[in-house]
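*Asks:* Sharing a structure below in structure tokens format, with a few things to ask.
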2 protein chains.
Amino acid sequence: MTLKDLARELGVSTASVSNAFNRPDQLSRELRQHILSEARRMGYPGPDARARMLRTGRSRIIAVVLAETLTYSLNDAVSSELLTGVTEVLDAHGHTLLLLSGRQPGSRQMPASSSMADGFIVYGLMPDDHMMSELPAHRPLVAVDFHINGRPTVHIDNEPASWAITRHALRHPPKRVGIVCLRLSATPHNGRLTAGHDWLSAQSTITRSRLDGCFRALEDHGLNRDDIPLWNIEENTHAVCAPVIEEILNLPPDQRPDLLLCMSDRIALTALTLAEQRGIRVPEDLRLTGFDGIEEGQYRAPRLTTVRQDSIEKGRMAARMVLGLDTPSDRLLNTSLLIGETCP
Amino acid sequence: MTLKDLARELGVSTASVSNAFNRPDQLSRELRQHILSEARRMGYPGPDARARMLRTGRSRIIAVVLAETLTYSLNDAVSSELLTGVTEVLDAHGHTLLLLSGRQPGSRQMPASSSMADGFIVYGLMPDDHMMSELPAHRPLVAVDFHINGRPTVHIDNEPASWAITRHALRHPPKRVGIVCLRLSATPHNGRLTAGHDWLSAQSTITRSRLDGCFRALEDHGLNRDDIPLWNIEENTHAVCAPVIEEILNLPPDQRPDLLLCMSDRIALTALTLAEQRGIRVPEDLRLTGFDGIEEGQYRAPRLTTVRQDSIEKGRMAARMVLGLDTPSDRLLNTSLLIGETCP
DNA sequence: CTGTTAGCGCCTTCAT
DNA sequence: ATGAAGGCGCTAACAG
């Protein structure tokens, strides 16, 4: 049953049927009602989306391209919030969401279906440049949390935020500071970072900007960045964080940091849980700061001291720009300090 | 730049270009290489997904229709796991994921773009029957966690699992049992359930089956179901759970349950957090059981005693059936008991 | 206000 | 192994 069939059955032209569905002002109210009710009665489900897409060149689909795997992104609170903001705007404007990932286990290519999206929101630096190049060059594209040449970006003030929370933490002078980074090293590595490890640039990883903020605050307090031990974590999940955190907490008490600056809430929460299990008191024996401000860190005792970033709003902004509701431009969102009990 | 343009430029037929991309066996290796490399050089991005879709009738897109809002689903651990399993299979077979929700704030209609999916996975009972009827009737569809007439279903053994965990909890006789349900009442309600509230059927809500399992175990122990206080929660989020849990924990100690059977881990975790904040000791003063087995409940101390369901596997099964890799049929997944410290 | 018509870009027989 | 041609279902321009 196609539009044409229906038109023939009803004895009207295909244009009238099409207009009945798409352009109410182009035909009389009665004819429109007649067509719509007959369509329903005869089981015509409305114009085929595929044909309509070909004809109009628009799909009302926006693709979100995630730098991480879908598995990770769907289970990560920050990515989920971003998607929440995106879908909120898309829904409100009759668009739907196609999820793509740039870090597929198997393939090195975008699925062909990606080319049917009307626009793209790219979240995080893609592991593979050439996947980016497969995206249609002339359609709207917004980058989130990193930079793409000539494209609008939505991001947050990582360096100042990190400086601010570190400064707060240093109000109470620590004996030993440690920093746990998220994917800072150029080559994958879980554990202590030594002089032999190269670092990614601030362009490539948000952790680098956050680290720069930490260092600036530490040096404001007369500490030397080279004296601060760093650990690196490749994926922001409990399973990957736990062994590295254990390595830190298992240090002898006179070497173990009593202030641990974590580049994400997930890292900080893992540290909190493992510290509790070992009888290390937070904040008395170990003070902890996070980054992100996810719910899980606030709906518990002690609450995490962290930087709150509004990922939902990031998603909304990106979606509004990609839909052309806001003029494309670089946007910088502010963050706020959340003082919990892990580092009062 | 279209396929036809490219063919003309190269002086070959459109069929050859098409075959170069889709049917390597239909032309010589050299010609194919020539066409592909020239295409890349000239910036032809490959056959247009929209036109291909119209022509072939297939989009390589599978839609997941979520009964809850996208915002909720993306932030809920169980839904996220389901999506993880779905995407794992879709990725492996070159399909992509379109996310739809049956509980949109605004509209009562499926977006038209939904009709381009090759198949549908419907997760949870839709709030509105008529949205279901908008889905193309003749395409593959798999229901998850509830039943649709004539369609294959993937679900878990809610009643026996709930019976088993309740039986475990009753090994240590409680003074007062309480049960916290998830969307059991026919009309929305957050708080204590009284005789005036109608219940949804076991067909409509998984909480009902779980409750039946609880009751069976309680009656095995000589308890009367009418003596057990029930509370209801409409949405499985901390924000919605917290006030109801507070109401329970604020009861005078001689009325407050010392065993709380929660129909989800989120509910149990909220109870755990709020109990800790009030100095109510778990499990000494209050024993807690959950349902789902989400990570957050296991990566903490005390760990949740709960029923582990493998939502990732549910997603995989649904995806394999909708892609036609497995023959469509009803599948029942087993669960397992996870004994943590909240109810040893 | 209604009807006719020309493609949107591609795939796939069929003939060569 | 290659080329020509029809049509997938629809919309928008135009003619009436």
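Order determines the names: the first chain of the structure tokens is A, the second B, and so forth; residues in each chain are numbered 1 upward, and ligands are numbered 1 upward as they are shown.
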With a distance cut-off of 7 Å and only C-alpha atoms (C1' of nucleotides), select the neighbouring residues of Thr306 in chain A, excluding the residue or stretch itself and same-chain residues fewer than 2 positions from it, and output the selection as a list of chain:residue names.
*Replies:*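 Contacts, in chain order: A:Thr289, A:Gly290, A:Phe291, A:Asp292, A:Gly293, A:Leu304, A:Arg308, A:Leu337, A:Leu338, A:Ile339.
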*Asks:* Which residues, written as a list in words, have at least one atom at most 10 Å from DT11 in chain D, with only C-alpha atoms (C1' of nucleotides) counted and residues fewer than 2 positions away on the same chain left out?
*Replies:* Thr14, Ala15, Ser18, Asn19, Asn22, Ala51, Arg52, Met53, Leu54, Arg55 and Thr56 of chain A; DG7 and DC8 of chain C; DG9 and DA13 of chain D
*Asks:* Any chance you could export the current selection's N, CA and C atoms (P, O5', C5', C4', C3', O3' and C1' of nucleotides) as a short mmCIF file (atom, residue, chain, number, x, y, z; two decimals), in the first residue's frame?
*Replies:*
data_model
loop_
_atom_site.label_atom_id
_atom_site.label_comp_id
_atom_site.auth_asym_id
_atom_site.auth_seq_id
_atom_site.Cartn_x
_atom_site.Cartn_y
_atom_site.Cartn_z
N THR A 14 -2.19 12.08 -6.27
CA THR A 14 -1.16 11.78 -5.27
C THR A 14 -0.76 13.05 -4.52
N ALA A 15 -0.79 14.15 -5.20
CA ALA A 15 -0.40 15.40 -4.54
C ALA A 15 -1.33 15.69 -3.37
N SER A 18 -0.38 13.48 -0.51
CA SER A 18 0.86 13.97 0.07
C SER A 18 0.60 15.22 0.90
N ASN A 19 -0.16 16.14 0.33
CA ASN A 19 -0.45 17.38 1.03
C ASN A 19 -1.27 17.13 2.31
N ASN A 22 1.36 16.37 4.71
CA ASN A 22 2.48 17.29 4.94
C ASN A 22 2.14 18.77 4.93
N ALA A 51 11.46 6.90 1.29
CA ALA A 51 11.23 7.64 0.05
C ALA A 51 11.20 9.13 0.32
N ARG A 52 10.61 9.49 1.42
CA ARG A 52 10.53 10.90 1.75
C ARG A 52 11.94 11.47 1.93
N MET A 53 12.79 10.67 2.57
CA MET A 53 14.15 11.11 2.80
C MET A 53 14.88 11.36 1.48
N LEU A 54 14.70 10.45 0.57
CA LEU A 54 15.39 10.61 -0.71
C LEU A 54 14.91 11.87 -1.40
N ARG A 55 13.61 12.03 -1.35
CA ARG A 55 13.04 13.16 -2.07
C ARG A 55 13.42 14.50 -1.45
N THR A 56 13.30 14.61 -0.15
CA THR A 56 13.53 15.89 0.49
C THR A 56 14.99 16.12 0.85
P DG C 7 13.44 15.84 -15.22
"O5'" DG C 7 13.43 14.28 -14.82
"C5'" DG C 7 14.47 13.77 -14.00
"C4'" DG C 7 14.42 14.35 -12.60
"C3'" DG C 7 15.33 13.61 -11.64
"O3'" DG C 7 16.05 14.53 -10.87
"C1'" DG C 7 13.07 13.54 -10.86
P DC C 8 17.52 14.25 -10.48
"O5'" DC C 8 17.50 13.97 -8.90
"C5'" DC C 8 17.23 14.98 -7.94
"C4'" DC C 8 17.07 14.28 -6.60
"C3'" DC C 8 18.04 13.14 -6.39
"O3'" DC C 8 19.12 13.61 -5.58
"C1'" DC C 8 15.75 12.51 -5.82
P DG D 9 7.31 0.78 -3.31
"O5'" DG D 9 7.10 2.27 -2.83
"C5'" DG D 9 7.70 2.71 -1.62
"C4'" DG D 9 7.60 4.21 -1.55
"C3'" DG D 9 6.19 4.76 -1.70
"O3'" DG D 9 5.87 5.40 -0.47
"C1'" DG D 9 7.74 5.99 -3.03
P DA D 13 9.22 24.06 -4.84
"O5'" DA D 13 9.27 24.49 -6.37
"C5'" DA D 13 9.98 23.72 -7.31
"C4'" DA D 13 9.18 23.53 -8.57
"C3'" DA D 13 8.42 24.78 -9.04
"O3'" DA D 13 8.86 25.11 -10.35
"C1'" DA D 13 7.02 22.85 -9.05
#
*Asks:* Within 6 Å of range 79-95 of chain B, counting only C-alpha atoms (C1' of nucleotides), which residues qualify if same-chain residues fewer than 3 places away don't, as a ChimeraX atom specification?
*Replies:* /A:71,74-75 /B:60-61,73-74,76,311-313,315-316,319
*Asks:* Pick out the chain C residues within 12 Å of chain A. Count only C-alpha atoms (C1' of nucleotides). Give them as JSON, numbers by chain.
*Replies:* {"C": [1, 2, 3, 4, 5, 6, 7, 8, 9, 10]}
*Asks:* Assign secondary structure with DSSP using the backbone only, and return the residues of range 175-212 of chain A in strand (DSSP E) as a CSV table (one decimal) with C-alpha atoms, in the first residue's frame.
*Replies:*
chain,number,residue,atom,x,y,z
A,177,VAL,CA,49.7,15.0,47.0
A,178,GLY,CA,49.0,12.4,44.3
A,179,ILE,CA,47.2,12.9,41.0
A,180,VAL,CA,45.2,10.3,39.1
A,181,CYS,CA,44.7,11.2,35.4
A,182,LEU,CA,42.4,9.8,32.8
A,191,GLY,CA,49.4,2.7,36.7
A,192,ARG,CA,52.1,5.1,37.8
A,193,LEU,CA,53.4,7.5,35.2
*Asks:* Kindly determine which residues of chain D lie within 9 Å of chain B, considering only C-alpha atoms (C1' of nucleotides), and give the answer as a list in words.
*Replies:*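 So the residues of chain D near chain B are DA1, DT2, DG3, DA4, DG7, DC8 and DG9 of chain D.
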*Asks:* Restricting it to C-alpha atoms (C1' of nucleotides), dump the selection as an mmCIF file, in the first residue's frame.
*Replies:*
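Resulting contents of again-v3.cif:
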data_model
loop_
_atom_site.group_PDB
_atom_site.id
_atom_site.type_symbol
_atom_site.label_atom_id
_atom_site.label_comp_id
_atom_site.auth_asym_id
_atom_site.auth_seq_id
_atom_site.Cartn_x
_atom_site.Cartn_y
_atom_site.Cartn_z
ATOM 1 C "C1'" DA D 1 32.472 -8.403 -17.707
ATOM 2 C "C1'" DT D 2 29.826 -4.456 -19.005
ATOM 3 C "C1'" DG D 3 25.921 -1.063 -20.445
ATOM 4 C "C1'" DA D 4 20.959 0.487 -20.770
ATOM 5 C "C1'" DG D 7 11.337 1.973 -10.975
ATOM 6 C "C1'" DC D 8 11.677 1.978 -5.447
ATOM 7 C "C1'" DG D 9 7.745 5.986 -3.027
#
*Asks:* Tell me, in Å to one decimal, how far CA of Ile245 in chain A is from CA of Thr69 in chain A.
*Replies:* 23.2 Å
*Asks:* Counting only C-alpha atoms, figure out which residue out of B:Leu249, B:Cys241, B:Leu70, B:Leu260 gets nearest to chain A.
*Replies:*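 Ranked by minimum distance to chain A, first place goes to B:Leu70.
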*Asks:* Which one is closest to Ala195 in chain B: B:Pro229, B:His238, B:Tyr72, B:Leu211? Count only C-alpha atoms.
*Replies:*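 Of B:Pro229, B:His238, B:Tyr72, B:Leu211, the one nearest Ala195 in chain B, counting only C-alpha atoms, is B:Pro229.
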*Asks:* Quick one: everything within 9 Å of Trp163 in chain A, counting only C-alpha atoms (C1' of nucleotides), minus sequence neighbours fewer than 6 positions away in the same chain. Send it as a list of chain:residue names.
*Replies:*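 The residues that qualify are A:Arg210, A:Leu211, A:Asp212, A:Gly213, A:Cys214, A:Phe215, A:Arg216, A:Ala217, A:Leu218.
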*Asks:* So that I have them on file, write out the residues from the current selection with N, CA, C and O atoms, as a PDB file, in the first residue's frame.
*Replies:*
ATOM      1  N   ARG A 210      43.106  19.685  32.637  1.00  0.00           N
ATOM      2  CA  ARG A 210      42.819  19.603  34.074  1.00  0.00           C
ATOM      3  C   ARG A 210      44.118  19.504  34.866  1.00  0.00           C
ATOM      4  O   ARG A 210      44.274  20.125  35.922  1.00  0.00           O
ATOM      5  N   LEU A 211      45.021  18.745  34.338  1.00  0.00           N
ATOM      6  CA  LEU A 211      46.311  18.594  35.004  1.00  0.00           C
ATOM      7  C   LEU A 211      47.044  19.930  35.060  1.00  0.00           C
ATOM      8  O   LEU A 211      47.641  20.292  36.086  1.00  0.00           O
ATOM      9  N   ASP A 212      46.976  20.667  33.969  1.00  0.00           N
ATOM     10  CA  ASP A 212      47.633  21.982  33.948  1.00  0.00           C
ATOM     11  C   ASP A 212      47.068  22.877  35.052  1.00  0.00           C
ATOM     12  O   ASP A 212      47.805  23.608  35.709  1.00  0.00           O
ATOM     13  N   GLY A 213      45.753  22.805  35.246  1.00  0.00           N
ATOM     14  CA  GLY A 213      45.136  23.592  36.306  1.00  0.00           C
ATOM     15  C   GLY A 213      45.637  23.164  37.679  1.00  0.00           C
ATOM     16  O   GLY A 213      45.927  23.999  38.547  1.00  0.00           O
ATOM     17  N   CYS A 214      45.733  21.872  37.877  1.00  0.00           N
ATOM     18  CA  CYS A 214      46.281  21.353  39.145  1.00  0.00           C
ATOM     19  C   CYS A 214      47.682  21.892  39.375  1.00  0.00           C
ATOM     20  O   CYS A 214      48.008  22.407  40.456  1.00  0.00           O
ATOM     21  N   PHE A 215      48.502  21.757  38.379  1.00  0.00           N
ATOM     22  CA  PHE A 215      49.909  22.171  38.515  1.00  0.00           C
ATOM     23  C   PHE A 215      50.010  23.652  38.845  1.00  0.00           C
ATOM     24  O   PHE A 215      50.795  24.060  39.701  1.00  0.00           O
ATOM     25  N   ARG A 216      49.208  24.439  38.184  1.00  0.00           N
ATOM     26  CA  ARG A 216      49.275  25.870  38.433  1.00  0.00           C
ATOM     27  C   ARG A 216      48.956  26.158  39.900  1.00  0.00           C
ATOM     28  O   ARG A 216      49.669  26.942  40.561  1.00  0.00           O
ATOM     29  N   ALA A 217      47.920  25.511  40.417  1.00  0.00           N
ATOM     30  CA  ALA A 217      47.547  25.739  41.816  1.00  0.00           C
ATOM     31  C   ALA A 217      48.635  25.222  42.753  1.00  0.00           C
ATOM     32  O   ALA A 217      48.961  25.846  43.764  1.00  0.00           O
ATOM     33  N   LEU A 218      49.185  24.083  42.407  1.00  0.00           N
ATOM     34  CA  LEU A 218      50.240  23.507  43.260  1.00  0.00           C
ATOM     35  C   LEU A 218      51.452  24.429  43.288  1.00  0.00           C
ATOM     36  O   LEU A 218      52.051  24.645  44.347  1.00  0.00           O
TER      37      LEU A 218
END
